[in-house]
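**Student:** My structure is stored as upload21.txt, with compact mmCIF, C-alpha atoms.
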```txt
# COMPACT_ATOMS: atom_id res chain seq x y z
CA MET J 1248 291.34 115.90 -92.24
CA GLY J 1249 294.59 116.79 -90.47
CA ARG J 1250 292.69 118.92 -87.96
CA SER J 1251 290.32 116.03 -87.24
CA ARG J 1252 293.21 113.68 -86.48
CA THR J 1253 294.84 116.27 -84.25
CA LEU J 1254 291.59 116.73 -82.34
CA HIS J 1255 291.22 112.97 -81.87
CA ARG J 1256 294.79 112.77 -80.57
CA ILE J 1257 294.16 115.57 -78.06
CA LEU J 1258 290.94 113.98 -76.86
CA GLY J 1259 292.62 110.62 -76.63
CA LEU J 1260 295.46 112.11 -74.62
CA ARG J 1261 293.07 113.83 -72.22
CA THR J 1262 291.06 110.64 -71.79
CA GLY J 1263 294.23 108.72 -71.09
CA VAL J 1264 295.36 111.25 -68.49
CA THR J 1265 291.93 111.14 -66.81
CA ILE J 1266 292.03 107.34 -66.63
CA VAL J 1267 295.52 107.41 -65.17
CA LEU J 1268 294.47 109.93 -62.51
CA LEU J 1269 291.43 107.85 -61.59
CA LEU J 1270 293.59 104.73 -61.31
CA VAL J 1271 296.06 106.58 -59.11
CA LEU J 1272 293.28 107.83 -56.83
CA ALA J 1273 291.67 104.41 -56.70
CA GLY J 1274 295.02 102.87 -55.92
CA SER J 1275 295.69 105.34 -53.14
CA PHE J 1276 292.35 104.57 -51.44
CA ALA J 1277 292.76 100.85 -52.12
CA CYS J 1278 295.99 101.08 -50.17
CA ALA J 1279 294.31 102.87 -47.26
CA GLU J 1280 295.73 101.66 -43.97
CA VAL J 1281 294.33 100.99 -40.53
CA VAL J 1282 296.09 102.95 -37.79
CA ARG J 1283 295.54 101.76 -34.24
CA VAL J 1284 295.55 103.86 -31.08
CA CYS J 1285 296.05 102.31 -27.64
CA ALA J 1286 298.26 102.60 -24.56
CA GLY J 1287 300.72 100.00 -25.83
CA CYS J 1288 300.48 100.77 -29.54
CA ARG J 1289 302.86 102.78 -31.70
CA PHE J 1290 300.37 105.65 -31.41
CA ALA J 1291 299.18 106.28 -27.87
CA THR J 1292 297.00 109.30 -28.70
CA LEU J 1293 294.51 110.19 -31.39
CA GLU J 1294 296.53 113.36 -32.17
CA SER J 1295 299.65 111.39 -33.07
CA ALA J 1296 297.69 108.94 -35.21
CA ILE J 1297 296.04 111.75 -37.18
CA ARG J 1298 299.42 113.36 -37.93
CA VAL J 1299 300.74 110.26 -39.74
CA ALA J 1300 297.48 108.96 -41.24
CA ALA J 1301 296.97 109.50 -44.96
CA ALA J 1302 293.75 110.64 -46.59
CA GLY J 1303 291.27 107.76 -46.64
CA ASP J 1304 292.90 105.86 -43.76
CA THR J 1305 290.94 104.36 -40.88
CA ILE J 1306 291.93 105.07 -37.29
CA VAL J 1307 290.77 102.52 -34.72
CA ILE J 1308 290.80 103.71 -31.10
CA GLU J 1309 290.99 100.80 -28.69
CA ALA J 1310 289.12 100.75 -25.38
CA GLY J 1311 290.48 103.04 -22.70
CA ARG J 1312 290.48 106.63 -21.51
CA TYR J 1313 292.43 109.24 -23.46
CA ASN J 1314 292.91 112.42 -21.44
CA SER J 1315 293.19 115.98 -22.74
CA THR J 1316 292.24 115.05 -26.28
CA HIS J 1317 291.93 118.02 -28.67
CA VAL J 1318 292.31 117.18 -32.36
CA LEU J 1319 291.95 119.03 -35.66
CA ILE J 1320 291.13 116.92 -38.71
CA THR J 1321 291.85 118.40 -42.16
CA LYS J 1322 291.93 115.24 -44.29
CA PRO J 1323 289.23 112.65 -44.98
CA LEU J 1324 289.44 109.93 -42.34
CA THR J 1325 287.34 107.24 -40.71
CA ILE J 1326 287.60 107.14 -36.92
CA ILE J 1327 286.15 104.10 -35.16
CA GLY J 1328 286.10 103.31 -31.48
CA ASN J 1329 286.52 99.72 -30.34
CA ASP J 1330 284.48 99.02 -27.19
CA ASN J 1331 283.58 102.71 -26.70
CA PRO J 1332 286.86 104.44 -25.81
CA ILE J 1333 286.57 107.71 -23.84
CA LEU J 1334 288.05 110.94 -25.20
CA ASP J 1335 288.34 113.43 -22.33
CA GLY J 1336 288.66 117.12 -23.19
CA GLY J 1337 289.89 117.99 -19.72
CA GLY J 1338 287.44 120.86 -19.46
CA THR J 1339 289.40 123.14 -21.82
CA GLY J 1340 287.85 123.11 -25.31
CA THR J 1341 286.37 121.25 -28.28
CA VAL J 1342 287.51 117.63 -28.45
CA ILE J 1343 287.24 116.90 -32.21
CA THR J 1344 287.20 119.66 -34.85
CA VAL J 1345 286.79 118.81 -38.54
CA ARG J 1346 287.52 121.42 -41.23
CA SER J 1347 286.64 121.29 -44.91
CA VAL J 1348 286.73 117.50 -45.37
CA PRO J 1349 284.26 114.62 -45.10
CA VAL J 1350 284.83 112.30 -42.17
CA SER J 1351 283.19 109.33 -40.49
CA ILE J 1352 283.28 109.17 -36.69
CA ARG J 1353 281.57 106.43 -34.70
CA ASN J 1354 281.52 104.36 -31.51
CA VAL J 1355 283.23 106.91 -29.24
CA VAL J 1356 282.43 108.47 -25.85
CA ILE J 1357 283.42 112.14 -25.52
CA THR J 1358 283.41 114.03 -22.24
CA ASN J 1359 284.41 117.25 -20.45
CA THR J 1360 284.61 120.04 -23.00
CA GLY J 1361 284.37 122.83 -20.47
CA PHE J 1362 282.52 126.07 -21.27
CA SER J 1363 283.45 129.37 -22.91
CA SER J 1364 281.37 132.48 -23.38
CA LEU J 1365 283.36 133.26 -26.57
CA ASP J 1366 283.38 129.90 -28.33
CA GLU J 1367 281.07 126.89 -28.66
CA TYR J 1368 283.07 124.12 -27.00
CA ALA J 1369 281.68 120.89 -28.41
CA ALA J 1370 282.28 117.17 -28.35
CA ILE J 1371 282.46 117.23 -32.17
CA LYS J 1372 282.46 120.32 -34.39
CA LEU J 1373 282.16 120.11 -38.20
CA ILE J 1374 283.14 123.25 -40.13
CA GLU J 1375 282.49 123.43 -43.89
CA SER J 1376 282.34 119.66 -44.05
CA THR J 1377 280.21 117.89 -46.67
CA ALA J 1378 278.76 114.37 -46.47
CA SER J 1379 280.22 113.54 -43.06
CA THR J 1380 278.77 110.85 -40.80
CA VAL J 1381 278.70 110.94 -37.01
CA GLU J 1382 277.05 107.94 -35.37
CA ASN J 1383 276.96 105.94 -32.15
CA ILE J 1384 278.49 108.81 -30.18
CA GLU J 1385 277.92 109.60 -26.51
CA ALA J 1386 278.66 113.15 -25.31
CA GLN J 1387 278.83 113.54 -21.54
CA ARG J 1388 279.27 116.81 -19.61
CA CYS J 1389 279.86 118.76 -22.81
CA ALA J 1390 278.68 122.35 -23.30
CA PHE J 1391 277.63 121.55 -26.88
CA GLY J 1392 277.19 118.03 -28.18
CA VAL J 1393 277.60 118.05 -31.98
CA VAL J 1394 277.92 121.37 -33.85
CA LEU J 1395 277.73 121.89 -37.62
CA TYR J 1396 278.80 125.17 -39.27
CA ARG J 1397 278.23 125.55 -43.02
CA SER J 1398 278.25 121.77 -43.36
CA SER J 1399 275.86 120.06 -45.75
CA GLN J 1400 274.52 116.56 -46.43
CA CYS J 1401 275.77 115.23 -43.10
CA ILE J 1402 274.20 112.38 -41.15
CA LEU J 1403 273.98 112.40 -37.34
CA SER J 1404 272.69 109.09 -36.04
CA ASN J 1405 272.39 107.36 -32.65
CA ILE J 1406 273.96 110.22 -30.71
CA ARG J 1407 273.34 110.60 -26.99
CA CYS J 1408 274.04 114.04 -25.52
CA GLU J 1409 273.65 114.63 -21.79
CA GLY J 1410 274.59 118.12 -20.65
CA THR J 1411 275.76 119.39 -17.31
CA SER J 1412 272.42 120.82 -16.08
CA ALA J 1413 274.36 124.00 -15.33
CA ALA J 1414 272.69 127.40 -15.58
CA GLU J 1415 271.34 128.31 -19.00
CA SER J 1416 274.10 130.91 -19.41
CA LEU J 1417 276.73 128.21 -18.78
CA SER J 1418 275.35 125.62 -21.16
CA GLY J 1419 275.02 125.04 -24.91
CA ASN J 1420 272.83 123.07 -27.28
CA GLY J 1421 272.86 119.32 -27.71
CA ILE J 1422 272.77 119.25 -31.52
CA HIS J 1423 273.41 122.61 -33.21
CA LEU J 1424 273.24 123.40 -36.94
CA TRP J 1425 274.06 126.78 -38.52
CA LYS J 1426 273.83 127.25 -42.28
CA SER J 1427 273.96 123.48 -42.70
CA PRO J 1428 271.41 122.35 -45.32
CA SER J 1429 270.25 118.88 -46.35
CA CYS J 1430 271.36 117.12 -43.17
CA ARG J 1431 269.70 114.16 -41.49
CA ILE J 1432 269.39 113.78 -37.71
CA LYS J 1433 267.91 110.49 -36.54
CA HIS J 1434 267.67 108.30 -33.43
CA CYS J 1435 269.37 110.84 -31.15
CA TYR J 1436 268.71 111.47 -27.47
CA VAL J 1437 269.38 114.89 -25.92
CA ALA J 1438 268.87 115.96 -22.29
CA HIS J 1439 269.95 118.66 -19.82
CA HIS J 1440 271.25 121.12 -22.42
CA ARG J 1441 270.14 124.70 -23.10
CA ASP J 1442 268.26 123.75 -26.29
CA GLY J 1443 268.07 120.09 -27.20
CA LEU J 1444 268.01 120.54 -30.99
CA TYR J 1445 268.84 123.93 -32.54
CA PHE J 1446 268.72 124.84 -36.25
CA GLU J 1447 269.35 128.23 -37.86
CA PHE J 1448 269.49 128.90 -41.62
CA SER J 1449 269.50 125.12 -42.18
CA ARG J 1450 267.06 124.09 -44.90
CA HIS J 1451 265.85 120.80 -46.34
CA CYS J 1452 266.84 118.79 -43.27
CA SER J 1453 265.18 115.62 -41.99
CA ILE J 1454 264.80 115.21 -38.22
CA GLU J 1455 263.26 111.88 -37.26
CA SER J 1456 262.87 109.51 -34.32
CA ASN J 1457 264.77 111.66 -31.82
CA GLU J 1458 264.01 112.34 -28.16
CA SER J 1459 264.67 115.70 -26.49
CA VAL J 1460 263.98 115.69 -22.76
CA ALA J 1461 264.40 117.98 -19.73
CA ASN J 1462 266.35 120.73 -21.45
CA MET J 1463 266.69 124.12 -19.77
CA ARG J 1464 264.98 126.09 -22.53
CA TYR J 1465 263.60 124.44 -25.68
CA GLY J 1466 263.50 120.81 -26.66
CA LEU J 1467 263.60 122.02 -30.28
CA HIS J 1468 264.35 125.55 -31.46
CA PHE J 1469 264.72 126.57 -35.09
CA MET J 1470 264.66 129.80 -37.08
CA PHE J 1471 264.94 130.65 -40.78
CA SER J 1472 265.00 126.95 -41.65
CA ASP J 1473 262.58 126.31 -44.52
CA SER J 1474 261.38 122.98 -45.86
CA ASN J 1475 262.48 120.87 -42.89
CA ALA J 1476 260.61 117.69 -41.91
CA TYR J 1477 260.22 116.60 -38.26
CA ARG J 1478 258.79 113.10 -37.87
CA ASN J 1479 258.31 110.71 -34.93
CA ASN J 1480 260.19 112.80 -32.37
CA VAL J 1481 259.44 113.16 -28.65
CA PHE J 1482 259.77 116.54 -26.90
CA ARG J 1483 259.09 116.04 -23.20
CA SER J 1484 259.50 117.99 -19.95
CA ASN J 1485 261.41 120.90 -21.47
CA ALA J 1486 261.29 124.25 -19.68
CA ALA J 1487 259.79 126.22 -22.58
CA GLY J 1488 258.72 123.43 -24.93
CA VAL J 1489 259.35 123.78 -28.68
CA ALA J 1490 259.82 127.06 -30.60
CA VAL J 1491 259.45 127.27 -34.38
CA MET J 1492 260.14 130.69 -35.92
CA TYR J 1493 260.43 132.56 -39.23
CA SER J 1494 260.20 129.55 -41.54
CA ARG J 1495 257.97 128.18 -44.27
CA ASN J 1496 257.05 124.78 -45.74
CA VAL J 1497 257.67 123.02 -42.44
CA LEU J 1498 256.29 119.52 -41.85
CA MET J 1499 255.75 118.29 -38.29
CA ASP J 1500 254.24 114.82 -38.37
CA ALA J 1501 253.65 112.14 -35.72
CA ASN J 1502 255.61 113.86 -32.94
CA VAL J 1503 254.83 113.90 -29.21
CA PHE J 1504 254.81 117.15 -27.22
CA ALA J 1505 254.31 116.30 -23.56
CA ASP J 1506 254.68 117.60 -20.00
CA ASN J 1507 255.94 121.06 -20.93
CA TRP J 1508 254.61 123.01 -17.95
CA GLY J 1509 255.34 126.55 -16.77
CA PRO J 1510 254.13 130.16 -17.04
CA SER J 1511 256.01 130.62 -20.35
CA SER J 1512 255.94 127.05 -21.60
CA TYR J 1513 254.35 125.64 -24.74
CA GLY J 1514 254.08 122.29 -26.38
CA LEU J 1515 254.70 124.09 -29.68
CA LEU J 1516 255.18 127.82 -30.27
CA LEU J 1517 254.70 128.97 -33.88
CA LYS J 1518 256.00 132.45 -34.72
CA ASP J 1519 255.70 133.73 -38.31
CA ILE J 1520 255.33 130.27 -39.85
CA ASN J 1521 253.93 130.10 -43.39
CA GLN J 1522 252.46 127.36 -45.59
CA SER J 1523 253.31 124.53 -43.20
CA ARG J 1524 251.60 121.37 -41.97
CA ILE J 1525 251.19 120.11 -38.42
CA SER J 1526 249.65 116.62 -38.55
CA ASN J 1527 249.22 113.39 -36.57
CA ASN J 1528 250.93 114.82 -33.48
CA VAL J 1529 250.04 114.26 -29.83
CA PHE J 1530 249.93 117.24 -27.44
CA ASP J 1531 249.64 115.83 -23.95
CA ARG J 1532 249.73 117.77 -20.64
CA ASN J 1533 251.22 121.11 -21.73
CA THR J 1534 250.43 124.55 -20.33
CA VAL J 1535 249.61 125.64 -23.90
CA ALA J 1536 249.66 122.90 -26.53
CA ILE J 1537 250.04 125.25 -29.53
CA TYR J 1538 250.62 129.01 -29.41
CA MET J 1539 250.30 130.72 -32.81
CA GLU J 1540 251.41 134.21 -33.74
CA GLY J 1541 251.71 135.46 -37.31
CA THR J 1542 251.09 132.06 -38.92
CA ASP J 1543 249.78 132.04 -42.49
CA GLY J 1544 248.23 129.25 -44.51
CA THR J 1545 249.17 126.47 -42.10
CA ARG J 1546 247.10 123.28 -41.76
CA PHE J 1547 246.56 121.42 -38.48
CA THR J 1548 245.14 117.97 -39.20
CA THR J 1549 244.48 114.79 -37.20
CA ASN J 1550 246.31 115.97 -34.10
CA LEU J 1551 245.32 114.86 -30.61
CA PHE J 1552 245.10 117.50 -27.86
CA ARG J 1553 244.75 115.92 -24.44
CA ALA J 1554 244.80 117.30 -20.88
CA ASN J 1555 246.39 120.63 -21.75
CA GLY J 1556 245.70 123.94 -20.03
CA TRP J 1557 244.96 125.60 -23.36
CA ALA J 1558 244.87 123.37 -26.42
CA LEU J 1559 245.26 126.23 -28.88
CA LYS J 1560 246.01 129.94 -28.54
CA ALA J 1561 245.69 131.74 -31.90
CA LEU J 1562 246.37 135.45 -31.99
CA GLY J 1563 244.59 137.79 -34.37
CA SER J 1564 247.72 138.04 -36.55
CA CYS J 1565 247.13 134.48 -37.82
CA ILE J 1566 245.64 134.38 -41.33
CA GLY J 1567 244.18 131.54 -43.36
CA ASP J 1568 245.01 128.66 -41.01
CA THR J 1569 242.90 125.49 -41.01
CA LEU J 1570 242.00 123.24 -38.07
CA GLU J 1571 240.62 119.99 -39.45
CA ASP J 1572 239.95 116.44 -38.16
CA ASN J 1573 241.65 117.04 -34.80
CA SER J 1574 240.58 115.70 -31.40
CA PHE J 1575 240.23 117.85 -28.27
CA VAL J 1576 239.94 115.80 -25.10
CA ALA J 1577 240.04 116.84 -21.41
CA ASN J 1578 241.60 120.26 -21.99
CA THR J 1579 240.78 123.06 -19.56
CA PHE J 1580 240.24 125.40 -22.53
CA ASP J 1581 240.13 124.25 -26.14
CA VAL J 1582 240.68 127.46 -28.13
CA MET J 1583 241.54 131.02 -27.17
CA THR J 1584 242.01 134.09 -29.36
CA ASN J 1585 242.62 137.75 -28.59
CA ALA J 1586 240.62 138.95 -31.60
CA TYR J 1587 236.88 139.11 -32.12
CA HIS J 1588 237.37 138.71 -35.88
CA THR J 1589 239.49 135.70 -36.76
CA GLU J 1590 240.23 133.79 -39.97
CA LEU J 1591 240.85 130.42 -38.31
CA ILE J 1592 238.90 127.78 -40.26
CA CYS J 1593 237.52 124.83 -38.25
CA ARG J 1594 236.18 121.67 -39.91
CA ARG J 1595 235.14 118.26 -38.62
CA ASN J 1596 237.06 118.34 -35.34
CA TYR J 1597 236.08 116.29 -32.30
CA TRP J 1598 235.37 118.38 -29.18
CA ASP J 1599 234.59 116.56 -25.95
CA GLN J 1600 232.84 119.74 -24.75
CA TYR J 1601 230.37 119.65 -27.65
CA ARG J 1602 226.76 119.36 -26.46
CA GLY J 1603 225.06 118.98 -29.84
CA TYR J 1604 223.31 116.01 -31.45
CA ASP J 1605 223.42 113.89 -34.60
CA LEU J 1606 219.88 113.07 -35.74
CA ASP J 1607 220.88 111.72 -39.17
CA HIS J 1608 223.62 109.49 -37.70
CA ASP J 1609 226.29 110.55 -40.18
CA GLY J 1610 228.88 111.00 -37.45
CA LEU J 1611 228.78 114.80 -37.66
CA GLY J 1612 226.93 117.14 -35.34
CA ASP J 1613 223.80 118.84 -36.64
CA VAL J 1614 224.49 122.15 -34.86
CA PRO J 1615 227.75 124.14 -34.90
CA HIS J 1616 230.21 124.17 -32.01
CA ARG J 1617 231.87 127.35 -30.75
CA PRO J 1618 235.20 126.29 -29.20
CA VAL J 1619 235.97 129.66 -27.57
CA SER J 1620 234.29 130.21 -24.21
CA VAL J 1621 233.55 133.53 -22.52
CA PHE J 1622 235.45 132.40 -19.46
CA SER J 1623 238.61 131.59 -21.45
CA MET J 1624 238.62 135.15 -22.81
CA LEU J 1625 238.09 136.49 -19.31
CA VAL J 1626 241.00 134.44 -17.95
CA GLU J 1627 243.22 135.72 -20.75
CA ARG J 1628 242.54 139.29 -19.66
CA VAL J 1629 242.40 138.63 -15.90
CA PRO J 1630 244.50 135.52 -15.10
CA THR J 1631 243.40 135.37 -11.46
CA ALA J 1632 239.85 134.72 -12.66
CA VAL J 1633 240.89 131.11 -13.18
CA LEU J 1634 240.07 130.61 -9.47
CA LEU J 1635 236.40 130.67 -10.50
CA LEU J 1636 236.87 127.82 -12.97
CA ARG J 1637 234.48 125.33 -11.35
CA SER J 1638 232.00 127.84 -10.00
CA PHE J 1639 228.30 128.07 -10.80
CA VAL J 1640 228.78 131.58 -12.26
CA VAL J 1641 231.09 130.22 -14.97
CA GLU J 1642 228.62 127.49 -15.90
CA LEU J 1643 225.86 130.10 -16.14
CA LEU J 1644 227.98 132.34 -18.40
CA THR J 1645 228.76 129.38 -20.65
CA TYR J 1646 225.12 128.45 -21.16
CA VAL J 1647 224.06 132.05 -21.78
CA GLU J 1648 226.82 132.51 -24.36
CA ARG J 1649 225.76 129.37 -26.22
CA VAL J 1650 222.25 130.73 -26.57
CA ILE J 1651 223.15 134.35 -27.37
CA PRO J 1652 226.78 134.52 -28.53
CA SER J 1653 227.97 138.11 -28.36
CA LEU J 1654 231.37 138.22 -26.66
CA ILE J 1655 233.13 135.34 -28.39
CA PRO J 1656 234.28 135.47 -32.05
CA ALA J 1657 231.17 134.98 -34.17
CA ALA J 1658 233.03 133.47 -37.16
CA LEU J 1659 235.07 130.99 -35.14
CA LEU J 1660 232.97 127.86 -35.13
CA ASP J 1661 233.04 124.28 -36.30
CA PRO J 1662 229.92 123.92 -38.46
CA MET J 1663 229.84 120.10 -38.38
CA PRO J 1664 231.91 118.77 -35.47
CA ARG J 1665 232.65 115.08 -35.17
CA MET J 1666 230.69 113.03 -32.67
CA ALA J 1667 233.69 110.73 -32.09
CA PRO J 1668 237.47 111.15 -32.53
CA PRO J 1669 238.89 110.23 -35.96
CA SER J 1670 240.55 106.84 -35.96
CA SER J 1671 243.97 108.31 -36.85
CA ALA J 1672 244.20 110.10 -33.48
CA THR J 1673 244.91 107.08 -31.31
CA PRO J 1674 245.89 107.12 -27.61
CA SER J 1675 248.74 104.67 -28.39
CA HIS J 1676 250.97 107.71 -28.96
CA PHE J 1677 250.87 108.33 -25.21
CA ASP J 1678 253.05 105.31 -24.55
CA ARG J 1679 256.05 107.35 -25.69
CA THR J 1680 255.51 109.89 -22.93
CA ARG J 1681 255.50 107.43 -20.04
CA GLN J 1682 259.24 106.83 -19.87
CA PRO J 1683 261.06 107.24 -16.53
CA GLU J 1684 262.64 110.58 -15.75
CA ILE J 1685 266.40 110.90 -16.16
```
Would you mind writing the structure in this file as structure tokens?
**Tutor:**
Amino acid sequence: MGRSRTLHRILGLRTGVTIVLLLVLAGSFACAEVVRVCAGCRFATLESAIRVAAAGDTIVIEAGRYNSTHVLITKPLTIIGNDNPILDGGGTGTVITVRSVPVSIRNVVITNTGFSSLDEYAAIKLIESTASTVENIEAQRCAFGVVLYRSSQCILSNIRCEGTSAAESLSGNGIHLWKSPSCRIKHCYVAHHRDGLYFEFSRHCSIESNESVANMRYGLHFMFSDSNAYRNNVFRSNAAGVAVMYSRNVLMDANVFADNWGPSSYGLLLKDINQSRISNNVFDRNTVAIYMEGTDGTRFTTNLFRANGWALKALGSCIGDTLEDNSFVANTFDVMTNAYHTELICRRNYWDQYRGYDLDHDGLGDVPHRPVSVFSMLVERVPTAVLLLRSFVVELLTYVERVIPSLIPAALLDPMPRMAPPSSATPSHFDRTRQPEI
């Protein structure tokens, strides 16, 4: 009985201490202050305001230009710009660095980080920060825009990064994540950087409604980043297109890949991608819409391939991939492979080069379609042969191969191709690719 009372007293004491601590913490945040920064204020620089601010305080930066700003934040703060103040790095380093605490930064213009071959100078750099929010930020003439290192559950929203258009070796990435899982990047615009969006070892992220345009290498580049979802993004006029590597369980849905032209340019390059889904995307005017190497168990459904050089290049290392309910319209070549034996499965796709018929009017062709042409395989081996593209000899080869297929992969065919495009592949997606150049 005595032991029971003693135990109750101990538990009661601990509960009381916990309540007191919670009240103290709540009181400290309830008393959070607003610290203002302006030319005529007590604090004329963001650095001086951060030194005196307490954890949980809000710092409001009034309109104006603040030169040579370089700050380190090691306590949880909210930083808000009033009428888009400009923080100028003076060309010498990262402007805002956050370490080991959650922060909220919004409504600020950041410019002039300079460039270093030894460090990633960025407008904002988050290091081991959890649940931070960066929104309504404009990064101008910065090597890197926003960089996250080992930072999780962060939200990047409404960020505009415009790089310097310097040489690739003198530029960085617009939005860069390294070992930063469960983050959300939405409504961002990135242009004139090395890579627009870059992710490495960053899993379970959501990337939606962003636009990556005219970057010097890739509009999107990620590696070792499993279970990420990319929805409603636009990747346009990037030098090498989009590169997706060494990842699994990737979802790419309702994106636009457009105007990625060049000898080594792709709408979407897939390298060692497993068990992923590419659906409802538009591939419009790319040298190669999709280039696949080492993919395994990936499904391509209801995508629209329009006016590309090659709609799909699938190497022999691809195993168990499915091409279903897609539309191929006005491409120079629809499908190319370097292997006579291929495991690519084709079902119910629409091919504008199909010359079959539909006697039972069920919307599906009565004879199979072979999407690989002899001439496409010839061009792959001898690129200069493309000069014969519209010649009578090519037409003759095509008709002979349809009658007696012997050089193209025998197993690669669509047994019942669609007679019309599926309704989900609508040309309305193209409106997102008609924006003026920057």
**Student:** Using all atoms listed in the file - which residues lie no farther than 8 Å from the point (262.1, 130.6, -30.6) in the file's frame? Write them as a PyMOL selection string.
**Tutor:** chain J and resi 1468-1470+1489-1492+1516+1518
**Student:** So which one's closest to Ser1404 in chain J, J:Tyr1436, J:Phe1580, J:Tyr1513, J:Tyr1465? Using all atoms listed in the file, please.
**Tutor:**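 For Ser1404 in chain J, the nearest of the given residues is J:Tyr1436.
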**Student:** Give one line per residue of range 1411-1439 of chain J that approaches range 1363-1376 of chain J to at most 10 Å, naming the two atoms of the closest pair and their distance in Å to one decimal, counting all atoms listed in the file; sort by chain then ascending residue number and deliver it as a Markdown table.
**Tutor:**
```
| residue | atom | partner | partner_atom | distance |
| --- | --- | --- | --- | --- |
| J:Ser1416 | CA | J:Ser1364 | CA | 8.4 |
| J:Leu1417 | CA | J:Ser1364 | CA | 7.8 |
| J:Ser1418 | CA | J:Ser1363 | CA | 9.1 |
| J:Gly1419 | CA | J:Glu1367 | CA | 7.4 |
| J:Asn1420 | CA | J:Ala1369 | CA | 9.2 |
| J:Gly1421 | CA | J:Ala1369 | CA | 9.0 |
| J:Ile1422 | CA | J:Ala1369 | CA | 9.6 |
| J:His1423 | CA | J:Lys1372 | CA | 9.4 |
| J:Leu1424 | CA | J:Leu1373 | CA | 9.6 |
| J:Trp1425 | CA | J:Ile1374 | CA | 9.9 |
| J:Lys1426 | CA | J:Glu1375 | CA | 9.6 |
| J:Ser1427 | CA | J:Glu1375 | CA | 8.6 |
```
**Student:** For those residues, write C-alpha atoms to a file as a tab-separated table (two decimals), in the frame of the given file.
**Tutor:**
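Listing of part_10.tsv after writing:
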```tsv
chain	number	residue	atom	x	y	z
J	1416	SER	CA	274.10	130.91	-19.41
J	1417	LEU	CA	276.73	128.21	-18.78
J	1418	SER	CA	275.35	125.62	-21.16
J	1419	GLY	CA	275.02	125.04	-24.91
J	1420	ASN	CA	272.83	123.07	-27.28
J	1421	GLY	CA	272.86	119.32	-27.71
J	1422	ILE	CA	272.77	119.25	-31.52
J	1423	HIS	CA	273.41	122.61	-33.21
J	1424	LEU	CA	273.24	123.40	-36.94
J	1425	TRP	CA	274.06	126.78	-38.52
J	1426	LYS	CA	273.83	127.25	-42.28
J	1427	SER	CA	273.96	123.48	-42.70
```
**Student:** Calculate how many Å separate CA of Pro1428 in chain J from CA of Ser1379 in chain J, rounding to one decimal.
**Tutor:**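 Distance between the two atoms: 12.7 Å.
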**Student:** Hey, what's within 6 Å of range 1344-1361 of chain J if we count only C-alpha atoms and toss same-chain stuff fewer than 6 positions away? As a VMD selection string, please?
**Tutor:** chain J and resid 1319 to 1328 1331 to 1338 1368 1370 to 1389
